[in-house]
Protein chains: 4
Amino acid sequence: MKDINKVVLAYSGGLDTSVIAKWLEDTYQCDVVTFTADLGQGEEVEPARAKAEALGIKEIYIDDLREEFVRDFVFPMFRANTVYEGEYLLGTSIARPLIAKRLVEIANETGADAISHGATGKGNDQVRFELGAYALKPGIQVIAPWRDWDLSSRESLLDYCHKHDIPVETQKGKSPYSMDANLLHISYEGGLLEDPWAEPEDDMWRWSVAPEQAPDTPTYLELDYQLGDIVAIDGQAMTPAEVLTFLNKVGGANGIGRTDIVENRYVGMKSRGCYETPGGTIMLRAHRAIESITLDREVAHLKDELMPRYAKLIYNGYWWSPERKLMQDMIDASQVNVNGKVRLKLYKGGVTVVGRQSVESLFDQTIATFEDDAGAYDQADAAGFIKLNALRLRIAANKGRALL
Amino acid sequence: MKDINKVVLAYSGGLDTSVIAKWLEDTYQCDVVTFTADLGQGEEVEPARAKAEALGIKEIYIDDLREEFVRDFVFPMFRANTVYEGEYLLGTSIARPLIAKRLVEIANETGADAISHGATGKGNDQVRFELGAYALKPGIQVIAPWRDWDLSSRESLLDYCHKHDIPVETQKGKSPYSMDANLLHISYEGGLLEDPWAEPEDDMWRWSVAPEQAPDTPTYLELDYQLGDIVAIDGQAMTPAEVLTFLNKVGGANGIGRTDIVENRYVGMKSRGCYETPGGTIMLRAHRAIESITLDREVAHLKDELMPRYAKLIYNGYWWSPERKLMQDMIDASQVNVNGKVRLKLYKGGVTVVGRQSVESLFDQTIATFEDDAGAYDQADAAGFIKLNALRLRIAANKGRALL
Amino acid sequence: MKDINKVVLAYSGGLDTSVIAKWLEDTYQCDVVTFTADLGQGEEVEPARAKAEALGIKEIYIDDLREEFVRDFVFPMFRANTVYEGEYLLGTSIARPLIAKRLVEIANETGADAISHGATGKGNDQVRFELGAYALKPGIQVIAPWRDWDLSSRESLLDYCHKHDIPVETQKGKSPYSMDANLLHISYEGGLLEDPWAEPEDDMWRWSVAPEQAPDTPTYLELDYQLGDIVAIDGQAMTPAEVLTFLNKVGGANGIGRTDIVENRYVGMKSRGCYETPGGTIMLRAHRAIESITLDREVAHLKDELMPRYAKLIYNGYWWSPERKLMQDMIDASQVNVNGKVRLKLYKGGVTVVGRQSVESLFDQTIATFEDDAGAYDQADAAGFIKLNALRLRIAANKGRALL
Amino acid sequence: MKDINKVVLAYSGGLDTSVIAKWLEDTYQCDVVTFTADLGQGEEVEPARAKAEALGIKEIYIDDLREEFVRDFVFPMFRANTVYEGEYLLGTSIARPLIAKRLVEIANETGADAISHGATGKGNDQVRFELGAYALKPGIQVIAPWRDWDLSSRESLLDYCHKHDIPVETQKGKSPYSMDANLLHISYEGGLLEDPWAEPEDDMWRWSVAPEQAPDTPTYLELDYQLGDIVAIDGQAMTPAEVLTFLNKVGGANGIGRTDIVENRYVGMKSRGCYETPGGTIMLRAHRAIESITLDREVAHLKDELMPRYAKLIYNGYWWSPERKLMQDMIDASQVNVNGKVRLKLYKGGVTVVGRQSVESLFDQTIATFEDDAGAYDQADAAGFIKLNALRLRIAANKGRALL
């Protein structure tokens, strides 16, 4: 048994983390500090205060982290056009390092020697929380009750509540899914989804209408980019969190951003997840569009080749690592000319780019034109270009090397 | 001036390549062999025979290459989930190496010492044709009239026709766009599209209905995969070309597959292109889905990291190269277990995966479950996993290295 | 405590694994099967039989694996020009998967349900043994006594021997270093080397003379390659193990192959190691030389870019993984033309390539020559080649983008 | 014929560029500005002034660029441990971008509208000069006489000199090799080397003694690193050019840095080159050593995986490109902790690292030790680490997927 004096707990106010708060006190005879964050999950965080107080907690932190979350985590990630395994926009993954950072900061402020969280021993979130905590405060202790205790069933949890006077709200209409939400997405796992052949039920989805229910007329948007980030929509300047909030709303209303995938967890298993990421889906497509006219080709290709690796770092929990930082510096540096405007059409689940413009555009109509280019490009140059690029292939063919 | 005896011309039957046929004869005093391929572009190829005959061509090749095209080029490319610059499904790029191969084969059969094509000196297609030809027949001569002649305007072309008795059909309703089509896609460039801010007009698109015009009820499909390729749809066995033809039809009817992008050409400029790729859009998503349950994680990630490079090879015209062949061998080897079934929902432009199953599935419900897993996975293992992965981060942090 | 019936132990005959054999019997009340391999470590393996018998072992396996080791592990690895972290030739790493494979095979033959080894909990070898065993026999149990028992000091080990009548030989002149040897290398860790600033003492090295003691005249060698592997030396056909044995001898005599590095272990720490790899050092340089004239440029570059990843797989213990297998297939396929002859000069620690030739050579003197090339290469082509490669750079510069 | 007013010529003072100066004047009726740089090639540059004056040149630039060359080009490249195709230290490649930059600067100062150089149309140097010039001054004209004129033999050159009164010095003992030299290396091509099987003659090499002639006692050096660059040797602070000059001297005296390779040129052919890079050979090994204790593992691996691509950029002439700049930023950022000291032994062609130390060292003896580590590392953690890393392999094996 570790010797713990005070522990900072990532506390949602729900049943599980309430039990954990009590269990930590009992087990370690230590003080518990609760930390509850508003990351845009769409539920009030203030009620967590009363619940924590009811558990006898003395030090209660409740933070609105929405702007920091989008500005310092979501936006930087989107600068890389980040997608994990071709489909997943990393909505859960990208929130964890911010929580890890705050847990450590609060531990420093309160003199706590440990942190704790409610993630299970099977998932990626434990890894993300703990790698972050260790990286930022190497001497920290970590307590992951789900890996340690014997309260492995719902019954034993309820028993524990009963025994320790933890109030259990009757949760009518409780979702059968394990969910996680923040400004970037809401996720669903478990229940019926554990069968990868089963189609999710319509009433699972919470943030977006079904494409079938979306408006019959398209919505057009104009996004303004500066240094790779959206700074205004339809001419209206917005903060990062405002941008994402707005795009979630308009995207969700148009049935945009539902994904249903089987992904590979860092701990070694495959798992099925469904995600709603309305704003993120729009941002990914739009960012590629603004980059398409403002980025140099080789820079764009370098970014594309490194992206899967960067996505894996974030998915696996290495946001707080020197290699992520180094890649981020490069990604950020690539965005210096990613300024301009993208016009989008949203319609029944689809996002279509219909225009892009920039004073920094590298699209040169005088060269690209099918019409007379007045000598901007000498077509004869192409012959030499092709001949030298073909040289090694011809030498090999002359040597009898077969490609067919 | 090169000394040419006989040249094989990639001949569409249209005005440009008819002029080229004549110009080649005149300029080089050589025989011209025409080659016209049905790649599924949706127009009859047989009329090209009469047009070639009218030009006095003696050796006329007209081939139906649809099955070969899909089986040996499109399907292998989709095994890699290939996308160029995040958006482009390489519909034009993947047809060129097949044409190059046939040009060379026909040159060998007819004793021709040169090939010719109607691609301009500004585009990628000249590169793809010529690299392929040089790689397969290193001593071949290549004539690219658009790079050489002085018929640079439409007027001079028409003059040439008039002077040489080449019949010019009045082309009512001729598209203002430069187009290319085959079973994988139809592309549009030029005209209004030369302004990247301009939205394409509705009547440009030819293969798909607008999402707004698509049916109000979704269409469901079940695709059967063997070794990474679709072999049956809704239980009906199909050849490769049948698969793509069917998916184009059902995809197009559901408004699927329109893309509007600015891409980076190999010759160094950016260009705007619009593409309709209904079947390809469906295949990309479905293939990722069947791989998601049948591929090992690290194999999937290796494929993802190499994909941009493989896409670039195809885009740039290096299909017939040892490096593409080597990568293809690896990609193909990765597909040995990519067998099973994917269920899709198509609706107004959107493709959603709603189920996937395989006897080779690596998704293990007994391990992944949120319920009791009967000891299939020991959560305590995660603690050591995290601790050792964190070790280097902790050592660095203890040394005072800052990540914030 | 796991329930074990029979365990196969990787047994060297030394003190540590003798104690382990006894401890396994005592602790698990199970049968122990010993497995001792000749991998070319330079010590007799037959004495291990008597020692095992003295411990009461009933099932004793002693295998000469030298040919299999070089043919199926060392040679395939050298086809990739594999080096970990720029310096380490993976001598220890590459032997572990063969031992893991034999442990599993013997477990299958003897009906054992577990394997065991003498590697510590701090090193890479435990990972390599165990990942291999799990990959080849997923239900196997693994016992790693150094992670479990409390015999953590030499005194407690000797006490244990005394208590259990295990004969302890007085080891005069015992090396202060932890060593591992096989046909590819001998390694040294620990002792004085734990200070990275300390230079190893002269008498540490066992396989090579110091360059200062090497002959004053150089030795020349001619190596014949087929499919990327050495098949003859100085005209003398040799088996893989004969090749490596010979090169170790002549390399060691010329002071070749000493390395002194700090490397990054998979378990998260840095460690200092010294290695003697005489034959491997020669093979790496020679293989690059034969590839330099027989491999296509882009294939060579693809191999170079993937090599660090392949090296990491082997170092980290993933020889028995689908991703290593896939990469190996590609590497092996690249070697189909890697045939020919390399001439080397060995002198006082240095290996210099002084000639290479091949009937499959892509070196084309008629093109490369500084003399008149009779039109084999048209220098004017270079202008177009450069102009088009420069196009994107010029467009960007015209837009005012600064590179300085 | 281009319309040229004034051209800046990269002028060595030798026969070829003297003829070029005259030919440019004659052919274009333009003014010629000569530019001669001291890059440490080991010959006086001042004599070029008199030769240029003798040709009637009015504007003559002679620059000592040695410090700029090493500080801004060589050192940044070595931060990446850059090697092309496993062997070549890029001695020629890295000097070209500096010359291109100066040509452009001088063109700007003198109002010239063109640059010219003496590189042939078969080599890489034309590409490097011209890509650099186009990237830095997109409207510049480039004249590459070797691609344009008809003076293709030595005889025609001498004829030209005779006709135009260009003094031809009798060059006794002129090397039969084409050579290039700067502070980083001297290179040899052509002549006997055009046969890749031929061993270079002893008297070809100019900068280093043969290992056989090197001193019989080793030389020890201590190099001090700051931010990845050497700032002092044996306690003596030095500028970048002093460092390289010193290392060339001591390295050459010890027979270090000879390489003999066949490399792949960007223009598509293979060529044989011999190189002497005494200082660079020492720096590569030493830099890896200081990084081995100061770089994080994943950062080091990221650098290793990107290095071949970065090397290719430099080799192919893309120093002045946004992608090189981006990679450089990342490489430079990685060096922030690469501070400390490396101890080396030089002996008859060999460079051995015998010690490395740093206050920023991540080598943690308390963890790495084979002795009791007082709980710094919990060996039990390794079990979970291995189990979870093995999970995907076990699931696949349970599914019957074979690795053997």
# chains A, B, ... in the order shown; residues from 1 in each chain; ligands from 1
$ residues_around --residues "stretch 13-16 of chain D" --least-positions-apart "5" --cutoff "7 Å" --atoms "only C-alpha atoms" --output "ChimeraX atom specification"
/D:48,51,118,168
$ write_last_selection --atoms "all heavy atoms" --output "PDB file, in the first residue's frame"
ATOM      1  N   ALA D  48      42.799  34.608 -58.387  1.00  0.00           N
ATOM      2  CA  ALA D  48      41.672  34.681 -59.327  1.00  0.00           C
ATOM      3  C   ALA D  48      41.421  36.124 -59.766  1.00  0.00           C
ATOM      4  O   ALA D  48      40.890  36.372 -60.843  1.00  0.00           O
ATOM      5  CB  ALA D  48      40.416  34.091 -58.691  1.00  0.00           C
ATOM      6  N   LYS D  51      43.595  36.973 -62.755  1.00  0.00           N
ATOM      7  CA  LYS D  51      43.117  36.261 -63.939  1.00  0.00           C
ATOM      8  C   LYS D  51      41.851  36.894 -64.482  1.00  0.00           C
ATOM      9  O   LYS D  51      41.664  37.012 -65.692  1.00  0.00           O
ATOM     10  CB  LYS D  51      42.875  34.796 -63.594  1.00  0.00           C
ATOM     11  CG  LYS D  51      44.158  34.058 -63.251  1.00  0.00           C
ATOM     12  CD  LYS D  51      43.915  32.580 -63.015  1.00  0.00           C
ATOM     13  CE  LYS D  51      45.220  31.881 -62.658  1.00  0.00           C
ATOM     14  NZ  LYS D  51      45.001  30.467 -62.329  1.00  0.00           N
ATOM     15  N   GLY D 118      29.993  26.696 -63.940  1.00  0.00           N
ATOM     16  CA  GLY D 118      30.732  25.777 -64.778  1.00  0.00           C
ATOM     17  C   GLY D 118      30.394  24.312 -64.586  1.00  0.00           C
ATOM     18  O   GLY D 118      31.177  23.447 -64.972  1.00  0.00           O
ATOM     19  N   VAL D 168      46.658  29.844 -71.259  1.00  0.00           N
ATOM     20  CA  VAL D 168      46.529  28.470 -70.784  1.00  0.00           C
ATOM     21  C   VAL D 168      47.814  28.074 -70.080  1.00  0.00           C
ATOM     22  O   VAL D 168      48.867  28.028 -70.694  1.00  0.00           O
ATOM     23  CB  VAL D 168      46.258  27.513 -71.967  1.00  0.00           C
ATOM     24  CG1 VAL D 168      46.155  26.077 -71.471  1.00  0.00           C
ATOM     25  CG2 VAL D 168      45.023  27.935 -72.726  1.00  0.00           C
TER      26      VAL D 168
END
$ residues_around --residues "A:Leu98" --least-positions-apart "2" --cutoff "9 Å" --atoms "only C-alpha atoms" --output "VMD selection string"
chain A and resid 65 68 to 69 72 to 73 94 to 96 100 to 103 129 132
$ atom_distance --atom1 "atom CA of D:Ala54" --atom2 "atom CA of D:Leu158"
17.2 Å
$ residues_around --residues "stretch 60-62 of chain C" --least-positions-apart "3" --cutoff "7 Å" --atoms "only C-alpha atoms" --output "number ranges by chain"
C: 33-37, 49, 57
$ closest_atom_pairs --of "chain C" --to "chain A" --cutoff "10 Å" --atoms "only C-alpha atoms" --output "Markdown table"
| residue | atom | partner | partner_atom | distance |
| --- | --- | --- | --- | --- |
| C:Thr294 | CA | A:Ala396 | CA | 9.5 |
| C:Leu295 | CA | A:Ala396 | CA | 9.4 |
| C:Asp296 | CA | A:Arg392 | CA | 7.2 |
| C:Arg297 | CA | A:Arg392 | CA | 7.7 |
| C:Glu298 | CA | A:Arg392 | CA | 9.3 |
| C:Asn337 | CA | A:Arg401 | CA | 8.8 |
| C:Val359 | CA | A:Lys399 | CA | 9.1 |
| C:Glu360 | CA | A:Lys399 | CA | 7.1 |
| C:Ser361 | CA | A:Lys399 | CA | 8.2 |
| C:Leu362 | CA | A:Ala396 | CA | 6.4 |
| C:Phe363 | CA | A:Ile395 | CA | 8.6 |
| C:Asp364 | CA | A:Ile395 | CA | 7.6 |
| C:Ile367 | CA | A:Ile395 | CA | 9.5 |
| C:Tyr377 | CA | A:Leu391 | CA | 8.9 |
| C:Asp378 | CA | A:Gly384 | CA | 8.8 |
| C:Gln379 | CA | A:Gly384 | CA | 9.0 |
| C:Ala380 | CA | A:Gly384 | CA | 7.2 |
| C:Asp381 | CA | A:Gly384 | CA | 3.7 |
| C:Ala382 | CA | A:Gly384 | CA | 5.9 |
| C:Ala383 | CA | A:Gly384 | CA | 6.8 |
| C:Gly384 | CA | A:Asp381 | CA | 3.7 |
| C:Phe385 | CA | A:Phe385 | CA | 3.6 |
| C:Ile386 | CA | A:Phe385 | CA | 7.3 |
| C:Lys387 | CA | A:Asp381 | CA | 6.7 |
| C:Leu388 | CA | A:Phe385 | CA | 6.6 |
| C:Asn389 | CA | A:Phe385 | CA | 8.0 |
| C:Leu391 | CA | A:Tyr377 | CA | 8.9 |
| C:Arg392 | CA | A:Asp296 | CA | 7.2 |
| C:Leu393 | CA | A:Asp296 | CA | 8.3 |
| C:Ile395 | CA | A:Leu362 | CA | 6.7 |
| C:Ala396 | CA | A:Leu362 | CA | 6.4 |
| C:Ala397 | CA | A:Leu362 | CA | 9.8 |
| C:Asn398 | CA | A:Leu362 | CA | 9.3 |
| C:Lys399 | CA | A:Glu360 | CA | 7.1 |
| C:Gly400 | CA | A:Glu360 | CA | 9.0 |
| C:Arg401 | CA | A:Asn337 | CA | 8.8 |
$ write_last_selection --atoms "C-alpha atoms" --output "short mmCIF file (atom, residue, chain, number, x, y, z; two decimals), in the first residue's frame"
data_model
loop_
_atom_site.label_atom_id
_atom_site.label_comp_id
_atom_site.auth_asym_id
_atom_site.auth_seq_id
_atom_site.Cartn_x
_atom_site.Cartn_y
_atom_site.Cartn_z
CA THR C 294 22.49 -3.24 -58.15
CA LEU C 295 19.60 -1.47 -56.44
CA ASP C 296 17.40 1.14 -58.04
CA ARG C 297 17.78 4.54 -56.39
CA GLU C 298 14.25 4.83 -55.13
CA ASN C 337 19.15 -8.42 -58.18
CA VAL C 359 26.37 -8.55 -64.09
CA GLU C 360 23.23 -6.87 -62.75
CA SER C 361 24.96 -3.56 -62.24
CA LEU C 362 22.92 -0.44 -62.98
CA PHE C 363 26.11 1.62 -63.10
CA ASP C 364 26.29 2.67 -66.74
CA ILE C 367 26.20 7.57 -69.34
CA TYR C 377 22.58 11.40 -72.27
CA ASP C 378 21.29 14.71 -73.59
CA GLN C 379 22.54 17.45 -71.29
CA ALA C 380 19.88 19.82 -72.56
CA ASP C 381 17.27 17.69 -70.77
CA ALA C 382 18.66 18.93 -67.50
CA ALA C 383 17.45 22.46 -68.13
CA GLY C 384 13.79 21.41 -68.25
CA PHE C 385 14.29 19.06 -65.33
CA ILE C 386 15.58 21.89 -63.20
CA LYS C 387 13.05 24.43 -64.41
CA LEU C 388 10.06 22.28 -63.51
CA ASN C 389 11.53 21.21 -60.20
CA LEU C 391 8.60 25.99 -60.48
CA ARG C 392 6.96 25.75 -57.06
CA LEU C 393 9.93 27.50 -55.48
CA ILE C 395 6.00 30.77 -57.54
CA ALA C 396 6.48 30.99 -53.79
CA ALA C 397 9.35 33.43 -54.13
CA ASN C 398 7.29 35.57 -56.46
CA LYS C 399 4.68 35.65 -53.72
CA GLY C 400 7.30 37.09 -51.40
CA ARG C 401 7.88 34.03 -49.27
#
$ select_by_dssp --residues "stretch 78-185 of chain C" --states "helix (DSSP H, G or I)" --output "MDAnalysis selection string"
chainID C and resid 78 96:110 125:136 145:148 154:164
$ atom_distance --atom1 "atom CA of B:Pro196" --atom2 "atom CA of A:Ile293"
8.6 Å
$ atom_distance --atom1 "atom CA of C:Gly350" --atom2 "atom CA of C:Gln365"
28.8 Å
$ select_by_dssp --residues "stretch 153-281 of chain D" --states "strand (DSSP E)" --output "JSON, numbers by chain"
{"D": [178, 179, 180, 181, 186, 187, 188, 189, 219, 220, 221, 222, 223, 224, 225, 226, 229, 230, 231, 232, 233, 236, 237, 258, 259, 260, 261, 262, 263, 264, 270, 271, 272, 273, 274, 275, 276]}
$ residues_around --residues "C:Leu223" --least-positions-apart "4" --cutoff "12 Å" --atoms "only C-alpha atoms" --output "PyMOL selection string"
chain C and resi 228-238+243-244+246-247+282-283+285-287+289-290+339-345+353-358
$ closest_residue --among "B:Glu323, B:Asp304, B:Asp31, B:Asp180" --to "B:Gly86" --atoms "only C-alpha atoms"
B:Asp304
$ residues_around --residues "stretch 21-26 of chain B" --least-positions-apart "6" --cutoff "8 Å" --atoms "only C-alpha atoms" --output "PyMOL selection string"
chain B and resi 9+32+55+164
$ write_last_selection --atoms "N, CA, C and O atoms" --output "PDB file, in the first residue's frame"
ATOM      1  N   LEU B   9      -0.535   5.954 -81.521  1.00  0.00           N
ATOM      2  CA  LEU B   9      -1.154   7.140 -80.925  1.00  0.00           C
ATOM      3  C   LEU B   9      -2.325   6.738 -80.035  1.00  0.00           C
ATOM      4  O   LEU B   9      -3.195   5.974 -80.449  1.00  0.00           O
ATOM      5  N   VAL B  32       0.879   5.861 -88.828  1.00  0.00           N
ATOM      6  CA  VAL B  32       0.270   6.071 -87.518  1.00  0.00           C
ATOM      7  C   VAL B  32      -0.651   4.900 -87.214  1.00  0.00           C
ATOM      8  O   VAL B  32      -1.449   4.487 -88.058  1.00  0.00           O
ATOM      9  N   LEU B  55      -9.322   9.013 -91.567  1.00  0.00           N
ATOM     10  CA  LEU B  55      -8.025   9.697 -91.595  1.00  0.00           C
ATOM     11  C   LEU B  55      -6.986   8.896 -92.370  1.00  0.00           C
ATOM     12  O   LEU B  55      -5.832   9.295 -92.474  1.00  0.00           O
ATOM     13  N   HIS B 164      -6.376  20.292 -93.896  1.00  0.00           N
ATOM     14  CA  HIS B 164      -6.087  18.877 -94.109  1.00  0.00           C
ATOM     15  C   HIS B 164      -7.334  18.018 -94.225  1.00  0.00           C
ATOM     16  O   HIS B 164      -7.276  16.792 -94.060  1.00  0.00           O
TER      17      HIS B 164
END
$ residues_around --residues "A:Val209" --least-positions-apart "5" --cutoff "10 Å" --atoms "only C-alpha atoms" --output "PyMOL selection string"
chain A and resi 202-203+214-215+251-256+258+348-349
$ residues_around --residues "B:Ser178" --least-positions-apart "4" --cutoff "12 Å" --atoms "only C-alpha atoms" --output "mmCIF file with N, CA, C and O atoms, in the first residue's frame"
data_model
loop_
_atom_site.group_PDB
_atom_site.id
_atom_site.type_symbol
_atom_site.label_atom_id
_atom_site.label_comp_id
_atom_site.auth_asym_id
_atom_site.auth_seq_id
_atom_site.Cartn_x
_atom_site.Cartn_y
_atom_site.Cartn_z
ATOM 1 N N THR A 369 -3.540 27.905 -66.245
ATOM 2 C CA THR A 369 -4.635 28.007 -67.225
ATOM 3 C C THR A 369 -4.497 27.070 -68.415
ATOM 4 O O THR A 369 -3.392 26.752 -68.861
ATOM 5 N N PHE A 370 -5.659 26.631 -68.911
ATOM 6 C CA PHE A 370 -5.701 25.878 -70.160
ATOM 7 C C PHE A 370 -5.611 26.828 -71.363
ATOM 8 O O PHE A 370 -5.401 26.406 -72.482
ATOM 9 N N GLU A 371 -5.827 28.083 -71.088
ATOM 10 C CA GLU A 371 -5.745 29.077 -72.162
ATOM 11 C C GLU A 371 -4.279 29.469 -72.363
ATOM 12 O O GLU A 371 -3.391 29.005 -71.654
ATOM 13 N N ALA B 119 -1.766 14.621 -74.480
ATOM 14 C CA ALA B 119 -1.700 15.362 -73.215
ATOM 15 C C ALA B 119 -0.830 16.610 -73.369
ATOM 16 O O ALA B 119 0.157 16.596 -74.102
ATOM 17 N N THR B 120 -1.181 17.644 -72.639
ATOM 18 C CA THR B 120 -0.443 18.897 -72.764
ATOM 19 C C THR B 120 0.856 18.864 -71.978
ATOM 20 O O THR B 120 1.075 17.961 -71.157
ATOM 21 N N GLY B 123 0.549 19.296 -67.750
ATOM 22 C CA GLY B 123 -0.179 18.432 -66.844
ATOM 23 C C GLY B 123 0.628 17.244 -66.371
ATOM 24 O O GLY B 123 1.809 17.078 -66.702
ATOM 25 N N LYS B 174 -21.169 21.617 -76.093
ATOM 26 C CA LYS B 174 -19.859 21.134 -75.643
ATOM 27 C C LYS B 174 -19.555 21.702 -74.261
ATOM 28 O O LYS B 174 -19.788 22.889 -73.987
ATOM 29 N N ILE B 186 -14.911 10.675 -63.212
ATOM 30 C CA ILE B 186 -14.895 11.679 -64.260
ATOM 31 C C ILE B 186 -14.352 12.955 -63.630
ATOM 32 O O ILE B 186 -14.650 13.263 -62.474
ATOM 33 N N SER B 187 -13.487 13.643 -64.362
ATOM 34 C CA SER B 187 -12.858 14.843 -63.811
ATOM 35 C C SER B 187 -13.191 16.062 -64.650
ATOM 36 O O SER B 187 -13.490 15.944 -65.845
ATOM 37 N N TYR B 188 -13.152 17.225 -64.010
ATOM 38 C CA TYR B 188 -13.404 18.497 -64.674
ATOM 39 C C TYR B 188 -12.301 19.465 -64.295
ATOM 40 O O TYR B 188 -11.984 19.623 -63.102
ATOM 41 N N GLU B 189 -11.763 20.131 -65.284
ATOM 42 C CA GLU B 189 -10.781 21.185 -65.029
ATOM 43 C C GLU B 189 -11.041 22.326 -65.994
ATOM 44 O O GLU B 189 -11.740 22.172 -66.991
ATOM 45 N N GLY B 190 -10.413 23.445 -65.739
ATOM 46 C CA GLY B 190 -10.485 24.575 -66.664
ATOM 47 C C GLY B 190 -11.771 25.362 -66.538
ATOM 48 O O GLY B 190 -12.572 25.169 -65.621
ATOM 49 N N GLY B 191 -11.953 26.287 -67.484
ATOM 50 C CA GLY B 191 -13.146 27.133 -67.487
ATOM 51 C C GLY B 191 -13.268 27.900 -66.186
ATOM 52 O O GLY B 191 -12.279 28.376 -65.603
ATOM 53 N N LEU B 192 -14.477 27.983 -65.737
ATOM 54 C CA LEU B 192 -14.792 28.671 -64.493
ATOM 55 C C LEU B 192 -13.978 28.160 -63.303
ATOM 56 O O LEU B 192 -13.713 28.904 -62.344
ATOM 57 N N LEU B 193 -13.556 26.889 -63.362
ATOM 58 C CA LEU B 193 -12.855 26.291 -62.222
ATOM 59 C C LEU B 193 -11.473 26.894 -62.012
ATOM 60 O O LEU B 193 -10.859 26.676 -60.968
ATOM 61 N N GLU B 194 -10.997 27.638 -62.996
ATOM 62 C CA GLU B 194 -9.681 28.244 -62.815
ATOM 63 C C GLU B 194 -9.682 29.319 -61.730
ATOM 64 O O GLU B 194 -8.622 29.786 -61.314
ATOM 65 N N MET B 204 -22.495 21.102 -64.333
ATOM 66 C CA MET B 204 -21.190 20.549 -64.701
ATOM 67 C C MET B 204 -21.152 19.037 -64.442
ATOM 68 O O MET B 204 -20.622 18.270 -65.232
ATOM 69 N N ARG B 272 -6.853 23.407 -59.965
ATOM 70 C CA ARG B 272 -8.175 23.114 -59.418
ATOM 71 C C ARG B 272 -8.812 21.999 -60.222
ATOM 72 O O ARG B 272 -8.801 22.037 -61.454
ATOM 73 N N GLY B 273 -9.368 21.006 -59.524
ATOM 74 C CA GLY B 273 -10.084 19.945 -60.214
ATOM 75 C C GLY B 273 -11.338 19.551 -59.463
ATOM 76 O O GLY B 273 -11.377 19.611 -58.224
ATOM 77 N N CYS B 274 -12.377 19.186 -60.197
ATOM 78 C CA CYS B 274 -13.570 18.609 -59.586
ATOM 79 C C CYS B 274 -13.698 17.187 -60.093
ATOM 80 O O CYS B 274 -13.389 16.898 -61.252
ATOM 81 N N TYR B 275 -14.099 16.303 -59.203
ATOM 82 C CA TYR B 275 -14.132 14.889 -59.520
ATOM 83 C C TYR B 275 -15.417 14.248 -59.035
ATOM 84 O O TYR B 275 -15.917 14.605 -57.969
#
